[in-house]
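*Asks:* My structure is below; once you've seen it, I'll send some questions.
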Amino acid sequence: GIARMLLGSVAEVVVRHATCDVLTIPLQTAATTAPIAKRILVATDFSDAAKVAVQVAAAMAAQFGAELHMLHVVQNEHLTPAVGGLVFSHDFDVEQIMREKLEELKKELSAKGVVSHVVAAELPALAIADYVDGHDIDLVLVGTHGRTGAKRLLIGSVAERVVRHAHCPVWVVRVPPAG
């Protein structure tokens, strides 16, 4: 209700205010989650926060021998913001452009067996949660911009919404402060 909208769950408040990475584990999966993830998903919007999450996810996948999935969600809007503040109209094939960016990112990682997907959806967090359910993902990593106050209310927090909707553990990666 309104209280949850204004305050959020305890986990979401911790994600919002913590100065470190946060791992959340949904109660319904706590007893059944395998200690080592076999399929790891990292959601990316190509921001600095997402780039850090991708690096952490790639290192974890390599250490555990896990399959790494990278996902980018293109929001269904008349204008779609993209990397570097550019705005594409739907005259361009935004999904194809984002697929190419994911391929570039895969090459930078030098990781083998990385699965990448671009999906179009109105709400990125729900698309991420749907991907988790549809691909039997064990762990999600998502970067956070660390927005609070008015910016959070206006823009929202994909990381907090993923924590709310994903049916598996979610590791929220925070970008270390500069310096």
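FYI, nothing fancy with the structure tokens labels: chains A, B, ... in order, residues from 1 per chain, ligands from 1 as they appear.
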What lies within 7 Å of region 59-68 of chain A using only C-alpha atoms, ignoring chain neighbours under 4 positions off, as a PyMOL selection string?

*Replies:* chain A and resi 36-41+55+113-115

*Asks:* Put those residues in a file: all heavy atoms, as a PDB file, in the first residue's frame.

*Replies:*
ATOM      1  N   ILE A  36      26.166 -22.895  -4.558  1.00  0.00           N
ATOM      2  CA  ILE A  36      26.921 -22.398  -5.709  1.00  0.00           C
ATOM      3  C   ILE A  36      25.953 -22.217  -6.866  1.00  0.00           C
ATOM      4  O   ILE A  36      25.219 -23.129  -7.229  1.00  0.00           O
ATOM      5  CB  ILE A  36      28.044 -23.372  -6.101  1.00  0.00           C
ATOM      6  CG1 ILE A  36      29.049 -23.484  -4.952  1.00  0.00           C
ATOM      7  CG2 ILE A  36      28.722 -22.910  -7.375  1.00  0.00           C
ATOM      8  CD1 ILE A  36      30.175 -24.450  -5.199  1.00  0.00           C
ATOM      9  N   ALA A  37      25.961 -21.033  -7.441  1.00  0.00           N
ATOM     10  CA  ALA A  37      25.063 -20.736  -8.553  1.00  0.00           C
ATOM     11  C   ALA A  37      25.539 -21.422  -9.829  1.00  0.00           C
ATOM     12  O   ALA A  37      26.721 -21.414 -10.142  1.00  0.00           O
ATOM     13  CB  ALA A  37      25.005 -19.225  -8.753  1.00  0.00           C
ATOM     14  N   LYS A  38      24.608 -22.010 -10.549  1.00  0.00           N
ATOM     15  CA  LYS A  38      24.907 -22.649 -11.835  1.00  0.00           C
ATOM     16  C   LYS A  38      24.615 -21.705 -13.004  1.00  0.00           C
ATOM     17  O   LYS A  38      25.223 -21.795 -14.044  1.00  0.00           O
ATOM     18  CB  LYS A  38      24.078 -23.936 -12.003  1.00  0.00           C
ATOM     19  CG  LYS A  38      24.334 -24.963 -10.940  1.00  0.00           C
ATOM     20  CD  LYS A  38      25.683 -25.588 -11.113  1.00  0.00           C
ATOM     21  CE  LYS A  38      25.868 -26.700 -10.104  1.00  0.00           C
ATOM     22  NZ  LYS A  38      27.251 -26.955  -9.804  1.00  0.00           N
ATOM     23  N   ARG A  39      23.627 -20.808 -12.795  1.00  0.00           N
ATOM     24  CA  ARG A  39      23.252 -19.837 -13.827  1.00  0.00           C
ATOM     25  C   ARG A  39      23.146 -18.465 -13.172  1.00  0.00           C
ATOM     26  O   ARG A  39      22.314 -18.262 -12.288  1.00  0.00           O
ATOM     27  CB  ARG A  39      21.930 -20.223 -14.485  1.00  0.00           C
ATOM     28  CG  ARG A  39      22.091 -21.344 -15.514  1.00  0.00           C
ATOM     29  CD  ARG A  39      20.753 -21.924 -15.916  1.00  0.00           C
ATOM     30  NE  ARG A  39      20.010 -22.497 -14.808  1.00  0.00           N
ATOM     31  CZ  ARG A  39      20.309 -23.642 -14.175  1.00  0.00           C
ATOM     32  NH1 ARG A  39      21.332 -24.350 -14.560  1.00  0.00           N
ATOM     33  NH2 ARG A  39      19.574 -24.086 -13.190  1.00  0.00           N
ATOM     34  N   ILE A  40      24.000 -17.552 -13.619  1.00  0.00           N
ATOM     35  CA  ILE A  40      24.052 -16.201 -13.065  1.00  0.00           C
ATOM     36  C   ILE A  40      23.580 -15.219 -14.123  1.00  0.00           C
ATOM     37  O   ILE A  40      24.005 -15.285 -15.276  1.00  0.00           O
ATOM     38  CB  ILE A  40      25.489 -15.850 -12.617  1.00  0.00           C
ATOM     39  CG1 ILE A  40      25.939 -16.798 -11.505  1.00  0.00           C
ATOM     40  CG2 ILE A  40      25.579 -14.390 -12.187  1.00  0.00           C
ATOM     41  CD1 ILE A  40      27.406 -16.655 -11.127  1.00  0.00           C
ATOM     42  N   LEU A  41      22.709 -14.317 -13.721  1.00  0.00           N
ATOM     43  CA  LEU A  41      22.211 -13.270 -14.618  1.00  0.00           C
ATOM     44  C   LEU A  41      22.732 -11.926 -14.138  1.00  0.00           C
ATOM     45  O   LEU A  41      22.642 -11.609 -12.954  1.00  0.00           O
ATOM     46  CB  LEU A  41      20.679 -13.232 -14.617  1.00  0.00           C
ATOM     47  CG  LEU A  41      20.034 -12.039 -15.325  1.00  0.00           C
ATOM     48  CD1 LEU A  41      20.320 -12.057 -16.827  1.00  0.00           C
ATOM     49  CD2 LEU A  41      18.541 -11.994 -15.054  1.00  0.00           C
ATOM     50  N   GLN A  55      31.403  -6.988 -14.311  1.00  0.00           N
ATOM     51  CA  GLN A  55      32.727  -7.497 -13.944  1.00  0.00           C
ATOM     52  C   GLN A  55      32.636  -8.485 -12.776  1.00  0.00           C
ATOM     53  O   GLN A  55      33.269  -9.544 -12.799  1.00  0.00           O
ATOM     54  CB  GLN A  55      33.672  -6.332 -13.591  1.00  0.00           C
ATOM     55  CG  GLN A  55      34.000  -5.435 -14.764  1.00  0.00           C
ATOM     56  CD  GLN A  55      34.765  -6.154 -15.859  1.00  0.00           C
ATOM     57  OE1 GLN A  55      35.566  -7.044 -15.612  1.00  0.00           O
ATOM     58  NE2 GLN A  55      34.487  -5.780 -17.096  1.00  0.00           N
ATOM     59  N   GLY A 113      31.086 -18.852 -23.358  1.00  0.00           N
ATOM     60  CA  GLY A 113      29.767 -19.364 -23.030  1.00  0.00           C
ATOM     61  C   GLY A 113      28.821 -18.345 -22.423  1.00  0.00           C
ATOM     62  O   GLY A 113      27.896 -18.723 -21.710  1.00  0.00           O
ATOM     63  N   VAL A 114      29.049 -17.062 -22.675  1.00  0.00           N
ATOM     64  CA  VAL A 114      28.153 -16.035 -22.142  1.00  0.00           C
ATOM     65  C   VAL A 114      26.921 -15.958 -23.033  1.00  0.00           C
ATOM     66  O   VAL A 114      27.010 -15.893 -24.252  1.00  0.00           O
ATOM     67  CB  VAL A 114      28.845 -14.659 -22.091  1.00  0.00           C
ATOM     68  CG1 VAL A 114      27.885 -13.580 -21.599  1.00  0.00           C
ATOM     69  CG2 VAL A 114      30.081 -14.718 -21.209  1.00  0.00           C
ATOM     70  N   VAL A 115      25.751 -15.982 -22.407  1.00  0.00           N
ATOM     71  CA  VAL A 115      24.481 -15.877 -23.111  1.00  0.00           C
ATOM     72  C   VAL A 115      24.004 -14.439 -22.971  1.00  0.00           C
ATOM     73  O   VAL A 115      23.989 -13.901 -21.859  1.00  0.00           O
ATOM     74  CB  VAL A 115      23.436 -16.837 -22.490  1.00  0.00           C
ATOM     75  CG1 VAL A 115      22.097 -16.707 -23.183  1.00  0.00           C
ATOM     76  CG2 VAL A 115      23.946 -18.273 -22.532  1.00  0.00           C
TER      77      VAL A 115
END

*Asks:* Report the residues of region 22-140 of chain A whose backbone DSSP state falls under helix (DSSP H, G or I), written as a PyMOL selection string.

*Replies:* chain A and resi 27-30+48-64+83-85+94-109+124-134

*Asks:* Would you mind exporting C-alpha atoms of the selected residues as a compact mmCIF listing (two decimals), in the first residue's frame?

*Replies:*
# COMPACT_ATOMS: atom_id res chain seq x y z
CA LEU A 27 12.57 -16.23 2.26
CA GLN A 28 10.93 -18.84 0.01
CA THR A 29 14.30 -19.75 -1.56
CA ALA A 30 16.57 -19.50 1.49
CA ASP A 48 29.05 2.70 -14.72
CA ALA A 49 27.15 0.84 -12.00
CA ALA A 50 26.14 -1.89 -14.44
CA LYS A 51 29.71 -2.22 -15.75
CA VAL A 52 30.92 -2.97 -12.23
CA ALA A 53 28.13 -5.54 -11.81
CA VAL A 54 29.11 -7.19 -15.10
CA GLN A 55 32.73 -7.50 -13.94
CA VAL A 56 31.68 -9.03 -10.61
CA ALA A 57 29.25 -11.43 -12.33
CA ALA A 58 31.89 -12.54 -14.85
CA ALA A 59 34.39 -13.22 -12.06
CA MET A 60 31.80 -15.20 -10.08
CA ALA A 61 30.75 -17.21 -13.13
CA ALA A 62 34.38 -18.07 -13.84
CA GLN A 63 35.03 -19.07 -10.23
CA PHE A 64 31.91 -21.26 -9.96
CA VAL A 83 24.07 4.78 -23.57
CA GLY A 84 25.82 8.12 -23.24
CA GLY A 85 22.63 10.15 -23.02
CA VAL A 94 17.15 -0.03 -30.76
CA GLU A 95 17.07 -3.71 -29.87
CA GLN A 96 19.65 -4.50 -32.56
CA ILE A 97 21.88 -1.65 -31.39
CA MET A 98 21.71 -2.97 -27.82
CA ARG A 99 22.45 -6.54 -29.03
CA GLU A 100 25.60 -5.19 -30.68
CA LYS A 101 26.58 -3.39 -27.44
CA LEU A 102 26.13 -6.65 -25.52
CA GLU A 103 28.32 -8.46 -28.06
CA GLU A 104 31.02 -5.80 -27.58
CA LEU A 105 30.74 -6.26 -23.82
CA LYS A 106 31.07 -10.04 -24.19
CA LYS A 107 34.28 -9.56 -26.20
CA GLU A 108 35.68 -7.22 -23.53
CA LEU A 109 35.03 -9.87 -20.88
CA PRO A 124 12.76 -3.40 -16.64
CA ALA A 125 12.55 -4.98 -13.17
CA LEU A 126 9.57 -7.14 -14.14
CA ALA A 127 11.31 -8.18 -17.36
CA ILE A 128 14.36 -9.20 -15.31
CA ALA A 129 12.16 -11.19 -12.90
CA ASP A 130 10.43 -12.90 -15.84
CA TYR A 131 13.81 -13.79 -17.35
CA VAL A 132 14.90 -15.28 -14.00
CA ASP A 133 11.80 -17.50 -13.90
CA GLY A 134 12.01 -18.46 -17.59

*Asks:* For each of A:Asn76, A:Ser47, A:Thr24, A:Val118, take the minimum atom-to-atom distance to Ser9 (chain A), counting only C-alpha atoms, then give the residue where this is smallest.

*Replies:*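 The answer is A:Thr24, which sits nearest to Ser9 (chain A).
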
*Asks:* For Leu139 (chain A), list every protein, DNA or RNA residue within 6 Å, evaluated using only C-alpha atoms, and leave out those in the same chain fewer than 2 positions away; present the list as a list in words.

*Replies:*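 Non-adjacent residues within range: Ile40, Ile137, Cys168, Pro169 and Val170 of chain A.
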
*Asks:* Grab the residues selected above and save them as a compact mmCIF listing (two decimals), in the first residue's frame with C-alpha atoms.

*Replies:*
# COMPACT_ATOMS: atom_id res chain seq x y z
CA ILE A 40 24.05 -16.20 -13.06
CA ILE A 137 18.51 -18.39 -12.90
CA CYS A 168 16.12 -15.97 -6.38
CA PRO A 169 18.95 -14.25 -4.52
CA VAL A 170 19.85 -10.78 -5.83

*Asks:* Just how far from CA of Thr144 (chain A) is CA of Gln75 (chain A), in Å to one decimal?

*Replies:*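 If I compute the distance from CA of Gln75 (chain A) to CA of Thr144 (chain A), I get 17.7 Å.
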
*Asks:* Name the closest residue to His135 (chain A) among the candidates A:Ala11, A:Met70, A:Ala18, A:Leu23; distances are taken between atoms, counting only C-alpha atoms.

*Replies:*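 Looking at the shortest contact to His135 (chain A), the residue is A:Met70.
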
*Asks:* Mind giving me the straight-line distance from CA of Asp136 (chain A) to CA of Ser110 (chain A) in Å, one decimal?

*Replies:*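 Straight-line distance from CA of Asp136 (chain A) to CA of Ser110 (chain A) works out to 24.1 Å.
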
*Asks:* Rounded to one decimal, what separation in Å do you get between CA of His165 (chain A) and CA of Val22 (chain A)?

*Replies:* 15.9 Å

*Asks:* With distances taken over only C-alpha atoms, which residue among A:His167, A:Gly143, A:Glu160, A:Asp138 lies nearest Asp21 (chain A)?

*Replies:*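 Looking only at the distances to Asp21 (chain A), the closest residue turns out to be A:Gly143.
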
*Asks:* With a distance cut-off of 6 Å and only C-alpha atoms, select the neighbouring residues of Ala43 (chain A), excluding the residue or stretch itself and same-chain residues fewer than 6 positions from it, and output the selection as JSON, numbers by chain.

*Replies:* {"A": [70, 71, 72, 142]}

*Asks:* Please, could you write that set of residues out with N, CA, C and O atoms as a PDB file, in the first residue's frame?

*Replies:*
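Output below, filename again-v6.pdb:
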ATOM      1  N   MET A  70      23.738 -12.282 -19.721  1.00  0.00           N
ATOM      2  CA  MET A  70      23.677 -10.817 -19.666  1.00  0.00           C
ATOM      3  C   MET A  70      22.367 -10.394 -20.320  1.00  0.00           C
ATOM      4  O   MET A  70      22.020 -10.883 -21.392  1.00  0.00           O
ATOM      5  N   LEU A  71      21.664  -9.479 -19.658  1.00  0.00           N
ATOM      6  CA  LEU A  71      20.358  -9.048 -20.139  1.00  0.00           C
ATOM      7  C   LEU A  71      20.289  -7.531 -20.168  1.00  0.00           C
ATOM      8  O   LEU A  71      20.677  -6.864 -19.209  1.00  0.00           O
ATOM      9  N   HIS A  72      19.788  -7.003 -21.275  1.00  0.00           N
ATOM     10  CA  HIS A  72      19.480  -5.573 -21.369  1.00  0.00           C
ATOM     11  C   HIS A  72      18.001  -5.457 -21.716  1.00  0.00           C
ATOM     12  O   HIS A  72      17.510  -6.153 -22.601  1.00  0.00           O
ATOM     13  N   VAL A 142      22.868  -6.953 -10.135  1.00  0.00           N
ATOM     14  CA  VAL A 142      22.407  -5.712 -10.737  1.00  0.00           C
ATOM     15  C   VAL A 142      23.145  -4.563 -10.057  1.00  0.00           C
ATOM     16  O   VAL A 142      23.341  -4.579  -8.845  1.00  0.00           O
TER      17      VAL A 142
END

*Asks:* Which residue is closest to Arg161 (chain A)? Choose from A:Leu123, A:Val42, A:Val14, A:Val74 and count only C-alpha atoms.

*Replies:* A:Leu123
